[in-house]
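*Asks:* Can you read through this structure? Questions will come right after.
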Amino acid sequence: MNSIKFPLLDRPTQNSVISTTLNDLSNWSRLSSLWPLLYGTSCCFIEFASLIGSRFDFDRYGLVPRSSPRQADLILTAGTVTMKMAPSLVRLYEQMPEPKYVIAMGACTITGGMFSTDSYSTVRGVDKLIPVDVYLPGCPPKPEAVIDAITKLRKKVSREIYEDRIVSQQKNRCFTTNHKFSC
């Protein structure tokens with residue numbers, strides 16, 4: 001038998017307490033689990049679908065793809081958006097709960113791509129329909145680029161959380177100074 005001793009693991013554990021606020025806990029969970037909506041129209045969606053497989057392991061980032069907009073907080077618009085599909089995309093975006101985020105994935109989504117010059121039915125940029133947080137160029141973008149875009153979005157979300165914390169701290173200071181409610 002292998003008799004290797006681990007001094008850190010052999011010690012008895014002591015009771016420990018983690019102190020935090022409910023707001024900080026919800027912000028941490030929001031940052032650590034973005035749930036993307038499965039929405040795609042063409043070849044960019046194939047690259048997005050490859051992220052779900054074992055090679056790229058999309059789940060390790062806390063990203064659990066959802067089929068319902070009421071359970072998702074991130075939409076990756078992947079592929080060409082046509083005028084006929086635009087109302088459906090806007091409806092899906094409006095059904096998502098707040099806070100919601102958008103990643104525009106691929107040249108066709110961002111600018112209309114190669115279809116924008118000859119086609120009257122192509123939307124020339126999804127940002128004309130819904131607000132976009134991160135643009136991901138390419139035709140189609142590689143799965144590694146999608147993971148990089150997710151990382152950039154998480155940094156943006158963490159900045160939002162930090163700014164919210166500063167604003168709430170300033171409000172709390174306002175109400176506690178000299179037992180007056182004036183600020």
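To be explicit about the labels: the chains of the structure tokens are called A, B, and onward in the order shown, and within each one the residues are counted from 1, while ligands get numbers from 1 in the order they are shown.
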Skipping near chain neighbours, those fewer than 6 positions away, what residues fall within 7 Å of A:Pro69 using only C-alpha atoms, listed as a list in words?
*Replies:* Leu37, Leu92, Gln95 and Met96 of chain A
*Asks:* Within 10 Å of A:Pro131, counting only C-alpha atoms, which residues qualify if same-chain residues fewer than 5 places away don't, as JSON, numbers by chain?
*Replies:* {"A": [93, 100, 101, 102, 103, 104, 126]}
*Asks:* Write the residues of the selection above to a file with all heavy atoms, as a PDB file, in the first residue's frame.
*Replies:*
ATOM      1  N   TYR A  93     -36.452  38.421 -27.026  1.00  0.00           N
ATOM      2  CA  TYR A  93     -35.656  39.296 -26.163  1.00  0.00           C
ATOM      3  C   TYR A  93     -36.522  39.919 -25.075  1.00  0.00           C
ATOM      4  O   TYR A  93     -36.105  40.015 -23.923  1.00  0.00           O
ATOM      5  CB  TYR A  93     -34.980  40.383 -27.007  1.00  0.00           C
ATOM      6  CG  TYR A  93     -34.177  41.352 -26.183  1.00  0.00           C
ATOM      7  CD1 TYR A  93     -32.926  41.006 -25.693  1.00  0.00           C
ATOM      8  CD2 TYR A  93     -34.669  42.607 -25.881  1.00  0.00           C
ATOM      9  CE1 TYR A  93     -32.189  41.884 -24.935  1.00  0.00           C
ATOM     10  CE2 TYR A  93     -33.942  43.499 -25.125  1.00  0.00           C
ATOM     11  CZ  TYR A  93     -32.702  43.135 -24.657  1.00  0.00           C
ATOM     12  OH  TYR A  93     -31.981  44.014 -23.891  1.00  0.00           O
ATOM     13  N   LYS A 100     -30.614  41.037 -18.772  1.00  0.00           N
ATOM     14  CA  LYS A 100     -30.433  40.220 -19.966  1.00  0.00           C
ATOM     15  C   LYS A 100     -29.308  40.788 -20.814  1.00  0.00           C
ATOM     16  O   LYS A 100     -29.078  41.996 -20.828  1.00  0.00           O
ATOM     17  CB  LYS A 100     -31.726  40.121 -20.760  1.00  0.00           C
ATOM     18  CG  LYS A 100     -32.418  41.427 -21.023  1.00  0.00           C
ATOM     19  CD  LYS A 100     -33.787  41.184 -21.586  1.00  0.00           C
ATOM     20  CE  LYS A 100     -34.626  42.437 -21.533  1.00  0.00           C
ATOM     21  NZ  LYS A 100     -36.003  42.174 -21.882  1.00  0.00           N
ATOM     22  N   TYR A 101     -28.618  39.894 -21.491  1.00  0.00           N
ATOM     23  CA  TYR A 101     -27.431  40.262 -22.251  1.00  0.00           C
ATOM     24  C   TYR A 101     -27.520  39.669 -23.646  1.00  0.00           C
ATOM     25  O   TYR A 101     -28.170  38.648 -23.857  1.00  0.00           O
ATOM     26  CB  TYR A 101     -26.165  39.755 -21.549  1.00  0.00           C
ATOM     27  CG  TYR A 101     -26.081  40.202 -20.120  1.00  0.00           C
ATOM     28  CD1 TYR A 101     -26.432  39.348 -19.076  1.00  0.00           C
ATOM     29  CD2 TYR A 101     -25.691  41.492 -19.803  1.00  0.00           C
ATOM     30  CE1 TYR A 101     -26.378  39.766 -17.768  1.00  0.00           C
ATOM     31  CE2 TYR A 101     -25.635  41.913 -18.488  1.00  0.00           C
ATOM     32  CZ  TYR A 101     -25.974  41.043 -17.482  1.00  0.00           C
ATOM     33  OH  TYR A 101     -25.929  41.463 -16.178  1.00  0.00           O
ATOM     34  N   VAL A 102     -26.824  40.315 -24.605  1.00  0.00           N
ATOM     35  CA  VAL A 102     -26.852  39.887 -26.000  1.00  0.00           C
ATOM     36  C   VAL A 102     -25.427  39.840 -26.534  1.00  0.00           C
ATOM     37  O   VAL A 102     -24.652  40.769 -26.331  1.00  0.00           O
ATOM     38  CB  VAL A 102     -27.694  40.856 -26.865  1.00  0.00           C
ATOM     39  CG1 VAL A 102     -27.664  40.431 -28.324  1.00  0.00           C
ATOM     40  CG2 VAL A 102     -29.119  40.931 -26.364  1.00  0.00           C
ATOM     41  N   ILE A 103     -25.101  38.742 -27.212  1.00  0.00           N
ATOM     42  CA  ILE A 103     -23.856  38.630 -27.958  1.00  0.00           C
ATOM     43  C   ILE A 103     -24.230  38.461 -29.420  1.00  0.00           C
ATOM     44  O   ILE A 103     -24.965  37.534 -29.766  1.00  0.00           O
ATOM     45  CB  ILE A 103     -22.996  37.441 -27.479  1.00  0.00           C
ATOM     46  CG1 ILE A 103     -22.524  37.664 -26.051  1.00  0.00           C
ATOM     47  CG2 ILE A 103     -21.804  37.241 -28.404  1.00  0.00           C
ATOM     48  CD1 ILE A 103     -21.712  36.519 -25.482  1.00  0.00           C
ATOM     49  N   ALA A 104     -23.758  39.370 -30.270  1.00  0.00           N
ATOM     50  CA  ALA A 104     -23.976  39.271 -31.707  1.00  0.00           C
ATOM     51  C   ALA A 104     -22.819  38.472 -32.292  1.00  0.00           C
ATOM     52  O   ALA A 104     -21.671  38.881 -32.231  1.00  0.00           O
ATOM     53  CB  ALA A 104     -24.045  40.652 -32.332  1.00  0.00           C
ATOM     54  N   VAL A 126     -28.045  43.407 -36.096  1.00  0.00           N
ATOM     55  CA  VAL A 126     -29.047  43.067 -35.089  1.00  0.00           C
ATOM     56  C   VAL A 126     -29.172  44.169 -34.040  1.00  0.00           C
ATOM     57  O   VAL A 126     -30.179  44.252 -33.334  1.00  0.00           O
ATOM     58  CB  VAL A 126     -28.730  41.687 -34.457  1.00  0.00           C
ATOM     59  CG1 VAL A 126     -27.588  41.797 -33.480  1.00  0.00           C
ATOM     60  CG2 VAL A 126     -29.938  41.070 -33.814  1.00  0.00           C
TER      61      VAL A 126
END
*Asks:* I want to know what sits within 12 Å of A:Phe58, based on only C-alpha atoms, with residues of the same chain fewer than 3 positions away left out; could you give that as a list in words?
*Replies:*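 My list of contacting residues is Ser33, Leu34, Trp35, Pro36, Phe48, Ala49, Ser50, Leu51, Ile52, Gly53, Ser54, Arg55, Tyr61, Gly62, Leu63, Val64, Pro65, Pro143, Glu144, Val146, Ile147, Asp148, Ile150 and Thr151 of chain A.
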*Asks:* What is the distance, in Å and to one decimal place, between atom CA of A:Arg154 and atom CA of A:Leu129?
*Replies:*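 According to the coordinates, atom CA of A:Arg154 and atom CA of A:Leu129 are separated by 22.8 Å.
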*Asks:* May I have all residues of stretch 36-84 of chain A that DSSP, computed from the backbone, assigns to strand (DSSP E or B), given as a PyMOL selection string?
*Replies:* chain A and resi 36-37+40+66+74-78+82
*Asks:* Please write the residues from the selection above to a file, keeping C-alpha atoms, as a PDB file, in the first residue's frame.
*Replies:*
ATOM      1  CA  PRO A  36     -27.849  31.271 -23.048  1.00  0.00           C
ATOM      2  CA  LEU A  37     -30.970  30.925 -25.149  1.00  0.00           C
ATOM      3  CA  GLY A  40     -29.605  30.426 -34.295  1.00  0.00           C
ATOM      4  CA  ARG A  66     -31.981  26.922 -22.280  1.00  0.00           C
ATOM      5  CA  LEU A  74     -28.171  35.626 -22.479  1.00  0.00           C
ATOM      6  CA  ILE A  75     -29.019  35.425 -26.151  1.00  0.00           C
ATOM      7  CA  LEU A  76     -26.357  34.656 -28.716  1.00  0.00           C
ATOM      8  CA  THR A  77     -27.778  35.838 -32.018  1.00  0.00           C
ATOM      9  CA  ALA A  78     -26.020  33.537 -34.452  1.00  0.00           C
ATOM     10  CA  THR A  82     -34.214  38.489 -41.881  1.00  0.00           C
TER      11      THR A  82
END
*Asks:* For A:Thr80, please output as a PyMOL selection string all residues within 10 Å (counting only C-alpha atoms; exclusion window: fewer than 3 positions along the same chain).
*Replies:* chain A and resi 40-44+77+83+85+105-116+122-126
*Asks:* Between atom CA of A:Leu89 and atom CA of A:Ala72, what is the spacing in Å?
*Replies:*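 That distance, rounded to one decimal, is 13.7 Å.
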*Asks:* Residues of stretch 7-59 of chain A in helix (DSSP H, G or I) according to DSSP, as a list in words?
*Replies:*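 Residues meeting the helix (DSSP H, G or I) criterion: Pro7, Leu8, Leu9, Asp10, Leu22, Asn23, Asp24, Leu25, Ser26, Asn27, Trp28, Ser29, Arg30, Leu31, Ser32, Cys43, Cys44, Phe45, Ile46, Glu47, Phe48, Ala49, Ser50, Phe58 and Asp59 of chain A.
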*Asks:* Here is a test: counting only C-alpha atoms, which residue of A:Val157, A:Val90, A:Cys139, A:Ile18 is nearest to A:Phe45?
*Replies:*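 Among the listed residues, A:Cys139 lies closest to A:Phe45.
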